[in-house]
$ cat structure.cif   # mmCIF, C-alpha atoms (C1' of nucleotides)
data_upload
#
loop_
_atom_site.label_atom_id
_atom_site.label_comp_id
_atom_site.auth_asym_id
_atom_site.auth_seq_id
_atom_site.Cartn_x
_atom_site.Cartn_y
_atom_site.Cartn_z
CA MET A 1 0.00 0.00 0.00
CA LYS A 2 1.15 3.48 -0.83
CA ASP A 3 1.96 5.82 2.01
CA VAL A 4 -1.12 7.94 2.33
CA THR A 5 -3.18 9.18 5.24
CA LEU A 6 -6.78 8.24 5.60
CA LYS A 7 -9.09 11.09 6.53
CA ASN A 8 -12.72 10.99 7.54
CA ALA A 9 -15.60 13.19 8.54
CA VAL A 10 -17.37 10.70 10.76
CA LYS A 11 -17.24 12.64 13.99
CA LEU A 12 -18.47 15.77 12.25
CA LYS A 13 -21.39 13.99 10.62
CA ARG A 14 -22.31 12.24 13.84
CA ILE A 15 -22.52 15.52 15.70
CA GLU A 16 -24.22 17.22 12.78
CA ARG A 17 -26.87 14.51 12.92
CA GLY A 18 -27.32 15.57 16.52
CA GLY A 19 -27.70 13.59 19.69
CA PHE A 20 -25.71 10.55 18.70
CA THR A 21 -23.15 9.40 21.17
CA GLN A 22 -20.09 7.53 19.97
CA GLY A 23 -21.37 4.46 21.74
CA GLU A 24 -24.78 4.65 20.11
CA LEU A 25 -23.30 5.04 16.67
CA ALA A 26 -20.99 2.11 17.34
CA LYS A 27 -23.93 -0.01 18.41
CA GLN A 28 -26.00 0.80 15.36
CA VAL A 29 -23.03 0.21 13.10
CA GLY A 30 -22.27 -3.05 14.85
CA VAL A 31 -18.78 -2.39 16.20
CA THR A 32 -17.50 -1.59 19.67
CA ARG A 33 -17.24 1.90 21.06
CA GLN A 34 -13.47 1.60 21.08
CA THR A 35 -13.39 0.77 17.40
CA MET A 36 -15.64 3.73 16.63
CA ASN A 37 -13.39 5.93 18.72
CA LEU A 38 -10.27 4.88 16.81
CA ILE A 39 -12.01 5.46 13.51
CA GLU A 40 -13.15 8.94 14.48
CA ALA A 41 -9.66 9.72 15.77
CA GLN A 42 -8.35 8.68 12.33
CA LYS A 43 -6.10 6.16 13.97
CA TYR A 44 -6.87 3.48 11.55
CA ASN A 45 -8.02 1.94 8.41
CA PRO A 46 -11.45 0.32 8.79
CA THR A 47 -12.86 -2.26 6.42
CA ILE A 48 -15.29 -1.22 3.73
CA LYS A 49 -18.14 -3.07 5.40
CA VAL A 50 -17.80 -0.98 8.52
CA CYS A 51 -17.56 2.17 6.40
CA LEU A 52 -20.68 1.26 4.49
CA GLN A 53 -22.58 0.68 7.72
CA ILE A 54 -21.42 4.01 9.08
CA ALA A 55 -22.51 5.76 5.90
CA LYS A 56 -25.87 4.07 6.10
CA VAL A 57 -26.47 5.00 9.73
CA LEU A 58 -25.33 8.58 9.19
CA ASP A 59 -27.24 8.77 5.93
CA ALA A 60 -24.17 9.96 4.04
CA LYS A 61 -22.18 8.95 0.97
CA LEU A 62 -18.98 6.99 1.37
CA ASP A 63 -17.22 9.61 -0.68
CA GLU A 64 -18.17 12.44 1.64
CA LEU A 65 -17.12 10.49 4.72
CA PHE A 66 -13.78 9.02 3.61
CA TRP A 67 -10.91 10.26 1.49
CA MET A 68 -7.12 10.22 1.37
CA GLU A 69 -4.35 12.74 1.47
CA ASP A 70 -0.89 12.20 0.08
CA GLU A 71 1.90 12.07 2.59
CA SER A 72 3.67 15.41 2.20
CA MET B 1 -20.82 -6.68 12.28
CA LYS B 2 -24.22 -7.36 10.82
CA ASP B 3 -24.62 -10.22 8.42
CA VAL B 4 -24.55 -8.56 5.05
CA THR B 5 -22.83 -9.36 1.79
CA LEU B 6 -20.36 -6.97 0.28
CA LYS B 7 -20.79 -6.39 -3.42
CA ASN B 8 -18.56 -4.56 -5.84
CA ALA B 9 -18.26 -3.56 -9.45
CA VAL B 10 -14.49 -3.55 -9.63
CA LYS B 11 -14.07 -6.20 -12.30
CA LEU B 12 -16.69 -4.53 -14.47
CA LYS B 13 -15.08 -1.11 -14.16
CA ARG B 14 -11.65 -2.51 -14.82
CA ILE B 15 -12.78 -4.11 -18.05
CA GLU B 16 -14.89 -1.09 -18.97
CA ARG B 17 -11.75 1.01 -18.63
CA GLY B 18 -10.25 -1.37 -21.15
CA GLY B 19 -6.92 -3.07 -21.33
CA PHE B 20 -6.23 -3.37 -17.64
CA THR B 21 -5.21 -6.74 -16.43
CA GLN B 22 -5.90 -7.77 -12.85
CA GLY B 23 -2.21 -7.72 -12.19
CA GLU B 24 -1.74 -4.24 -13.58
CA LEU B 25 -4.60 -2.87 -11.54
CA ALA B 26 -3.19 -4.54 -8.45
CA LYS B 27 0.19 -2.98 -9.09
CA GLN B 28 -1.19 0.51 -9.55
CA VAL B 29 -3.36 0.13 -6.47
CA GLY B 30 -0.44 -1.18 -4.50
CA VAL B 31 -1.67 -4.63 -3.53
CA THR B 32 -0.83 -8.09 -4.81
CA ARG B 33 -2.59 -9.73 -7.71
CA GLN B 34 -4.02 -12.32 -5.35
CA THR B 35 -5.57 -9.67 -3.16
CA MET B 36 -7.07 -7.97 -6.21
CA ASN B 37 -8.39 -11.31 -7.36
CA LEU B 38 -10.14 -11.99 -4.05
CA ILE B 39 -11.67 -8.53 -4.05
CA GLU B 40 -13.02 -8.91 -7.57
CA ALA B 41 -14.35 -12.34 -6.69
CA GLN B 42 -16.16 -10.68 -3.76
CA LYS B 43 -14.47 -13.06 -1.40
CA TYR B 44 -13.59 -10.47 1.07
CA ASN B 45 -13.82 -7.26 2.85
CA PRO B 46 -10.98 -4.92 1.88
CA THR B 47 -9.91 -1.93 3.90
CA ILE B 48 -11.10 1.53 2.94
CA LYS B 49 -7.60 2.59 1.92
CA VAL B 50 -7.43 -0.12 -0.69
CA CYS B 51 -10.93 0.77 -1.88
CA LEU B 52 -10.01 4.43 -2.18
CA GLN B 53 -6.94 3.55 -4.23
CA ILE B 54 -8.99 1.33 -6.50
CA ALA B 55 -11.54 4.10 -6.99
CA LYS B 56 -8.76 6.52 -7.80
CA VAL B 57 -7.10 4.26 -10.34
CA LEU B 58 -10.40 3.37 -11.98
CA ASP B 59 -11.55 6.98 -11.80
CA ALA B 60 -14.79 6.01 -10.09
CA LYS B 61 -16.70 6.91 -6.95
CA LEU B 62 -16.51 4.67 -3.92
CA ASP B 63 -20.28 4.54 -3.89
CA GLU B 64 -20.50 3.19 -7.42
CA LEU B 65 -17.87 0.55 -6.76
CA PHE B 66 -18.96 -0.80 -3.37
CA TRP B 67 -22.28 -1.47 -1.71
CA MET B 68 -23.99 -4.02 0.51
CA GLU B 69 -26.92 -6.33 0.25
CA ASP B 70 -28.89 -7.72 3.15
CA GLU B 71 -28.61 -11.42 3.67
CA SER B 72 -31.98 -12.69 2.50
"C1'" DC C 1 -18.99 21.43 44.12
"C1'" DC C 2 -20.78 16.78 43.02
"C1'" DG C 3 -22.09 12.86 40.18
"C1'" DG C 4 -23.46 10.62 35.64
"C1'" DG C 5 -22.59 10.14 31.22
"C1'" DT C 6 -19.21 10.55 27.50
"C1'" DT C 7 -14.83 10.17 25.65
"C1'" DG C 8 -9.76 8.96 25.17
"C1'" DT C 9 -6.75 5.38 25.91
"C1'" DC C 10 -4.31 1.09 27.63
"C1'" DA C 11 -3.24 -3.95 27.49
"C1'" DT C 12 -4.44 -8.28 25.82
"C1'" DA C 13 -6.71 -11.60 22.77
"C1'" DT C 14 -8.84 -13.09 18.39
"C1'" DA C 15 -10.22 -12.78 13.63
"C1'" DT C 16 -9.08 -11.72 9.28
"C1'" DA C 17 -6.90 -8.66 5.54
"C1'" DA C 18 -2.93 -8.81 2.82
"C1'" DA C 19 1.67 -10.80 1.26
"C1'" DT C 20 4.31 -14.51 -0.90
"C1'" DG C 21 5.31 -18.39 -3.79
"C1'" DA C 22 3.57 -21.73 -6.58
"C1'" DC C 23 0.70 -24.15 -9.87
"C1'" DA C 24 -3.40 -25.60 -12.56
"C1'" DA C 25 -7.41 -23.99 -15.26
"C1'" DA C 26 -8.85 -20.87 -18.55
"C1'" DT C 27 -8.46 -17.63 -22.37
"C1'" DG C 28 -6.68 -15.85 -26.33
"C1'" DT C 29 -3.90 -15.84 -30.45
"C1'" DA C 30 -0.53 -17.33 -34.10
"C1'" DT D 1 -2.57 -27.62 -32.20
"C1'" DA D 2 0.73 -25.21 -29.53
"C1'" DC D 3 2.30 -21.37 -26.88
"C1'" DA D 4 1.82 -17.11 -23.89
"C1'" DT D 5 -0.85 -14.50 -20.92
"C1'" DT D 6 -4.26 -14.10 -17.60
"C1'" DT D 7 -6.94 -15.76 -14.04
"C1'" DG D 8 -8.42 -18.76 -10.09
"C1'" DT D 9 -6.87 -20.97 -6.18
"C1'" DC D 10 -4.01 -23.22 -2.41
"C1'" DA D 11 -1.09 -23.24 1.69
"C1'" DT D 12 1.57 -20.55 4.71
"C1'" DT D 13 2.98 -16.37 7.05
"C1'" DT D 14 2.63 -11.59 8.73
"C1'" DA D 15 0.31 -7.37 9.73
"C1'" DT D 16 -3.45 -5.28 11.53
"C1'" DA D 17 -8.64 -4.60 12.25
"C1'" DT D 18 -11.76 -5.55 15.83
"C1'" DA D 19 -13.28 -7.26 20.51
"C1'" DT D 20 -13.14 -7.07 25.53
"C1'" DG D 21 -12.49 -5.17 30.03
"C1'" DA D 22 -10.93 -1.50 32.56
"C1'" DC D 23 -9.87 3.16 34.08
"C1'" DA D 24 -8.69 8.10 34.03
"C1'" DA D 25 -9.88 12.63 31.99
"C1'" DC D 26 -13.62 15.54 30.44
"C1'" DC D 27 -18.02 17.78 30.23
"C1'" DC D 28 -22.20 19.43 31.85
"C1'" DG D 29 -26.60 19.75 34.44
"C1'" DG D 30 -28.12 19.46 39.26
#

$ encode --input "structure.cif" --output "structure tokens"
Amino acid sequence: MKDVTLKNAVKLKRIERGGFTQGELAKQVGVTRQTMNLIEAQKYNPTIKVCLQIAKVLDAKLDELFWMEDES
Amino acid sequence: MKDVTLKNAVKLKRIERGGFTQGELAKQVGVTRQTMNLIEAQKYNPTIKVCLQIAKVLDAKLDELFWMEDES
DNA sequence: CCGGGTTGTCATATATAAATGACAAATGTA
DNA sequence: TACATTTGTCATTTATATATGACAACCCGG
């Protein structure tokens, strides 16, 4: 894999959607709170299934939630 | 994780783009041919980074390449 | 100020994505 | 038919996504 940084707007969307807690989102997505936390903190590289579930729950497009930036 | 099946249109797009071989795509994406093969065969759940690279190389949106179907 | 809920984070364990090497089945093409 | 390229697949190994349990640091309303 090339050396790029994964970025995401999950936390923003979650708050924008109002009232969701990290734990609730995690539950609806079907992962643990800790996993959700790491994703929001951009500390790792989730699988596409998880991303698709997040997009579904937050009613957003994959492309607006996840993107990459070249390592500068 | 909920019990859903991951679907993708990678093989289609690759052929639509013309002339790409699985191996070439894999190389440009930065994974092995075997990994690319498994993804195209829908035999697993790649990470979002890999998906983003594939989308980039194939000049497609994540959302048109990957989606999920409920287990029926 | 106090207490409940949320969040960040740690350490450990398990599941699985991805790499590597190799080979047979398939596809195309002279 | 014969040969080259591509594709599917296997077995093994390594890296890492995800789970679990626990606890300290933050907020925020009473």

$ resolve_selection --input "structure.cif" --expression "the PyMOL selection byres ((chain B) within 6 of (chain A))" --output "count of residues only"
7

$ resolve_selection --input "structure.cif" --expression "the PyMOL selection byres ((chain B) within 12 of (chain D))" --output "list in words"
Met1, Gly19, Phe20, Thr21, Gln22, Gly23, Glu24, Arg33, Gln34, Thr35, Met36, Asn37, Leu38, Glu40, Ala41, Lys43, Asn45, Pro46, Thr47 and Ile48 of chain B

$ closest_atom_pairs --input "structure.cif" --of "chain C" --to "chain A" --cutoff "12 Å" --atoms "all atoms listed in the file" --output "tab-separated table"
residue	atom	partner	partner_atom	distance
C:DG5	C1'	A:Thr21	CA	10.1
C:DT6	C1'	A:Thr21	CA	7.5
C:DT7	C1'	A:Gln22	CA	8.2
C:DG8	C1'	A:Asn37	CA	8.0
C:DT9	C1'	A:Gln34	CA	9.1
C:DC10	C1'	A:Gln34	CA	11.3
C:DT16	C1'	A:Thr47	CA	10.6
C:DA17	C1'	A:Thr47	CA	8.8
C:DA18	C1'	A:Met1	CA	9.7
C:DA19	C1'	A:Met1	CA	11.0

$ atom_distance --input "structure.cif" --atom1 "atom CA of A:Asn8" --atom2 "atom CA of A:Asp70"
14.0 Å

$ calpha_fit_and_write --input "structure.cif" --fixed "chain B" --moving "chain A" --output "mmCIF file with C-alpha atoms, in the frame of the given file"
data_model
loop_
_atom_site.group_PDB
_atom_site.id
_atom_site.type_symbol
_atom_site.label_atom_id
_atom_site.label_comp_id
_atom_site.auth_asym_id
_atom_site.auth_seq_id
_atom_site.Cartn_x
_atom_site.Cartn_y
_atom_site.Cartn_z
ATOM 1 C CA MET A 1 -20.814 -6.641 12.325
ATOM 2 C CA LYS A 2 -24.213 -7.319 10.873
ATOM 3 C CA ASP A 3 -24.589 -10.198 8.471
ATOM 4 C CA VAL A 4 -24.523 -8.562 5.095
ATOM 5 C CA THR A 5 -22.828 -9.346 1.815
ATOM 6 C CA LEU A 6 -20.381 -6.969 0.286
ATOM 7 C CA LYS A 7 -20.817 -6.397 -3.429
ATOM 8 C CA ASN A 8 -18.573 -4.569 -5.844
ATOM 9 C CA ALA A 9 -18.265 -3.563 -9.453
ATOM 10 C CA VAL A 10 -14.494 -3.566 -9.642
ATOM 11 C CA LYS A 11 -14.070 -6.193 -12.313
ATOM 12 C CA LEU A 12 -16.691 -4.526 -14.478
ATOM 13 C CA LYS A 13 -15.087 -1.106 -14.182
ATOM 14 C CA ARG A 14 -11.639 -2.505 -14.837
ATOM 15 C CA ILE A 15 -12.774 -4.107 -18.063
ATOM 16 C CA GLU A 16 -14.861 -1.090 -18.983
ATOM 17 C CA ARG A 17 -11.727 1.016 -18.630
ATOM 18 C CA GLY A 18 -10.226 -1.351 -21.165
ATOM 19 C CA GLY A 19 -6.884 -3.060 -21.332
ATOM 20 C CA PHE A 20 -6.208 -3.342 -17.638
ATOM 21 C CA THR A 21 -5.138 -6.713 -16.427
ATOM 22 C CA GLN A 22 -5.868 -7.748 -12.864
ATOM 23 C CA GLY A 23 -2.164 -7.697 -12.175
ATOM 24 C CA GLU A 24 -1.715 -4.199 -13.546
ATOM 25 C CA LEU A 25 -4.589 -2.854 -11.520
ATOM 26 C CA ALA A 26 -3.191 -4.544 -8.428
ATOM 27 C CA LYS A 27 0.188 -2.971 -9.052
ATOM 28 C CA GLN A 28 -1.190 0.514 -9.498
ATOM 29 C CA VAL A 29 -3.371 0.120 -6.438
ATOM 30 C CA GLY A 30 -0.447 -1.210 -4.451
ATOM 31 C CA VAL A 31 -1.681 -4.680 -3.515
ATOM 32 C CA THR A 32 -0.836 -8.125 -4.832
ATOM 33 C CA ARG A 33 -2.591 -9.751 -7.740
ATOM 34 C CA GLN A 34 -4.035 -12.350 -5.402
ATOM 35 C CA THR A 35 -5.579 -9.699 -3.205
ATOM 36 C CA MET A 36 -7.081 -7.983 -6.240
ATOM 37 C CA ASN A 37 -8.420 -11.317 -7.409
ATOM 38 C CA LEU A 38 -10.150 -12.001 -4.088
ATOM 39 C CA ILE A 39 -11.655 -8.539 -4.079
ATOM 40 C CA GLU A 40 -13.023 -8.893 -7.593
ATOM 41 C CA ALA A 41 -14.375 -12.337 -6.717
ATOM 42 C CA GLN A 42 -16.180 -10.683 -3.777
ATOM 43 C CA LYS A 43 -14.490 -13.071 -1.422
ATOM 44 C CA TYR A 44 -13.657 -10.471 1.064
ATOM 45 C CA ASN A 45 -13.858 -7.250 2.836
ATOM 46 C CA PRO A 46 -11.002 -4.915 1.875
ATOM 47 C CA THR A 47 -9.928 -1.918 3.907
ATOM 48 C CA ILE A 48 -11.103 1.533 2.941
ATOM 49 C CA LYS A 49 -7.612 2.585 1.923
ATOM 50 C CA VAL A 50 -7.448 -0.131 -0.688
ATOM 51 C CA CYS A 51 -10.946 0.778 -1.873
ATOM 52 C CA LEU A 52 -10.019 4.419 -2.185
ATOM 53 C CA GLN A 53 -6.946 3.540 -4.226
ATOM 54 C CA ILE A 54 -9.004 1.329 -6.498
ATOM 55 C CA ALA A 55 -11.543 4.099 -6.998
ATOM 56 C CA LYS A 56 -8.770 6.521 -7.793
ATOM 57 C CA VAL A 57 -7.095 4.254 -10.333
ATOM 58 C CA LEU A 58 -10.395 3.365 -11.985
ATOM 59 C CA ASP A 59 -11.532 6.969 -11.814
ATOM 60 C CA ALA A 60 -14.786 6.007 -10.111
ATOM 61 C CA LYS A 61 -16.702 6.923 -6.965
ATOM 62 C CA LEU A 62 -16.524 4.674 -3.940
ATOM 63 C CA ASP A 63 -20.285 4.546 -3.920
ATOM 64 C CA GLU A 64 -20.520 3.194 -7.443
ATOM 65 C CA LEU A 65 -17.881 0.550 -6.782
ATOM 66 C CA PHE A 66 -18.962 -0.796 -3.381
ATOM 67 C CA TRP A 67 -22.292 -1.464 -1.729
ATOM 68 C CA MET A 68 -24.005 -4.012 0.496
ATOM 69 C CA GLU A 69 -26.924 -6.346 0.243
ATOM 70 C CA ASP A 70 -28.864 -7.702 3.175
ATOM 71 C CA GLU A 71 -28.582 -11.398 3.779
ATOM 72 C CA SER A 72 -31.908 -12.799 2.589
#

$ atom_distance --input "structure.cif" --atom1 "atom CA of B:Ile15" --atom2 "atom CA of A:Ala55"
27.7 Å

$ atom_distance --input "structure.cif" --atom1 "atom C1' of C:DG28" --atom2 "atom CA of B:Lys11"
18.6 Å

$ build_atoms --input "structure.cif" --residues "stretch 1-14 of chain B" --atoms "N, CA and C atoms" --output "PDB file, in the coordinates of the input"
ATOM      1  N   MET B   1     -20.348  -7.102  13.613  1.00  0.00           N
ATOM      2  CA  MET B   1     -20.820  -6.680  12.280  1.00  0.00           C
ATOM      3  C   MET B   1     -22.058  -7.451  11.851  1.00  0.00           C
ATOM      4  N   LYS B   2     -22.991  -6.742  11.304  1.00  0.00           N
ATOM      5  CA  LYS B   2     -24.220  -7.360  10.820  1.00  0.00           C
ATOM      6  C   LYS B   2     -23.908  -8.347   9.699  1.00  0.00           C
ATOM      7  N   ASP B   3     -24.867  -9.188   9.411  1.00  0.00           N
ATOM      8  CA  ASP B   3     -24.620 -10.220   8.420  1.00  0.00           C
ATOM      9  C   ASP B   3     -25.110  -9.769   7.037  1.00  0.00           C
ATOM     10  N   VAL B   4     -24.234  -9.092   6.360  1.00  0.00           N
ATOM     11  CA  VAL B   4     -24.550  -8.560   5.050  1.00  0.00           C
ATOM     12  C   VAL B   4     -23.472  -8.988   4.066  1.00  0.00           C
ATOM     13  N   THR B   5     -23.807  -8.968   2.806  1.00  0.00           N
ATOM     14  CA  THR B   5     -22.830  -9.360   1.790  1.00  0.00           C
ATOM     15  C   THR B   5     -22.304  -8.122   1.088  1.00  0.00           C
ATOM     16  N   LEU B   6     -21.001  -8.073   0.981  1.00  0.00           N
ATOM     17  CA  LEU B   6     -20.360  -6.970   0.280  1.00  0.00           C
ATOM     18  C   LEU B   6     -20.367  -7.247  -1.219  1.00  0.00           C
ATOM     19  N   LYS B   7     -20.815  -6.266  -1.969  1.00  0.00           N
ATOM     20  CA  LYS B   7     -20.790  -6.390  -3.420  1.00  0.00           C
ATOM     21  C   LYS B   7     -19.880  -5.333  -4.000  1.00  0.00           C
ATOM     22  N   ASN B   8     -19.359  -5.596  -5.201  1.00  0.00           N
ATOM     23  CA  ASN B   8     -18.560  -4.560  -5.840  1.00  0.00           C
ATOM     24  C   ASN B   8     -18.555  -4.704  -7.346  1.00  0.00           C
ATOM     25  N   ALA B   9     -18.245  -3.601  -7.998  1.00  0.00           N
ATOM     26  CA  ALA B   9     -18.260  -3.560  -9.450  1.00  0.00           C
ATOM     27  C   ALA B   9     -16.854  -3.356 -10.000  1.00  0.00           C
ATOM     28  N   VAL B  10     -15.867  -3.827  -9.262  1.00  0.00           N
ATOM     29  CA  VAL B  10     -14.490  -3.550  -9.630  1.00  0.00           C
ATOM     30  C   VAL B  10     -14.121  -4.200 -10.959  1.00  0.00           C
ATOM     31  N   LYS B  11     -14.430  -5.476 -11.077  1.00  0.00           N
ATOM     32  CA  LYS B  11     -14.070  -6.200 -12.300  1.00  0.00           C
ATOM     33  C   LYS B  11     -14.701  -5.523 -13.520  1.00  0.00           C
ATOM     34  N   LEU B  12     -15.979  -5.224 -13.400  1.00  0.00           N
ATOM     35  CA  LEU B  12     -16.690  -4.530 -14.470  1.00  0.00           C
ATOM     36  C   LEU B  12     -15.993  -3.241 -14.878  1.00  0.00           C
ATOM     37  N   LYS B  13     -15.736  -2.394 -13.900  1.00  0.00           N
ATOM     38  CA  LYS B  13     -15.080  -1.110 -14.160  1.00  0.00           C
ATOM     39  C   LYS B  13     -13.730  -1.312 -14.819  1.00  0.00           C
ATOM     40  N   ARG B  14     -12.987  -2.267 -14.295  1.00  0.00           N
ATOM     41  CA  ARG B  14     -11.650  -2.510 -14.820  1.00  0.00           C
ATOM     42  C   ARG B  14     -11.719  -2.845 -16.306  1.00  0.00           C
TER      43      ARG B  14
END
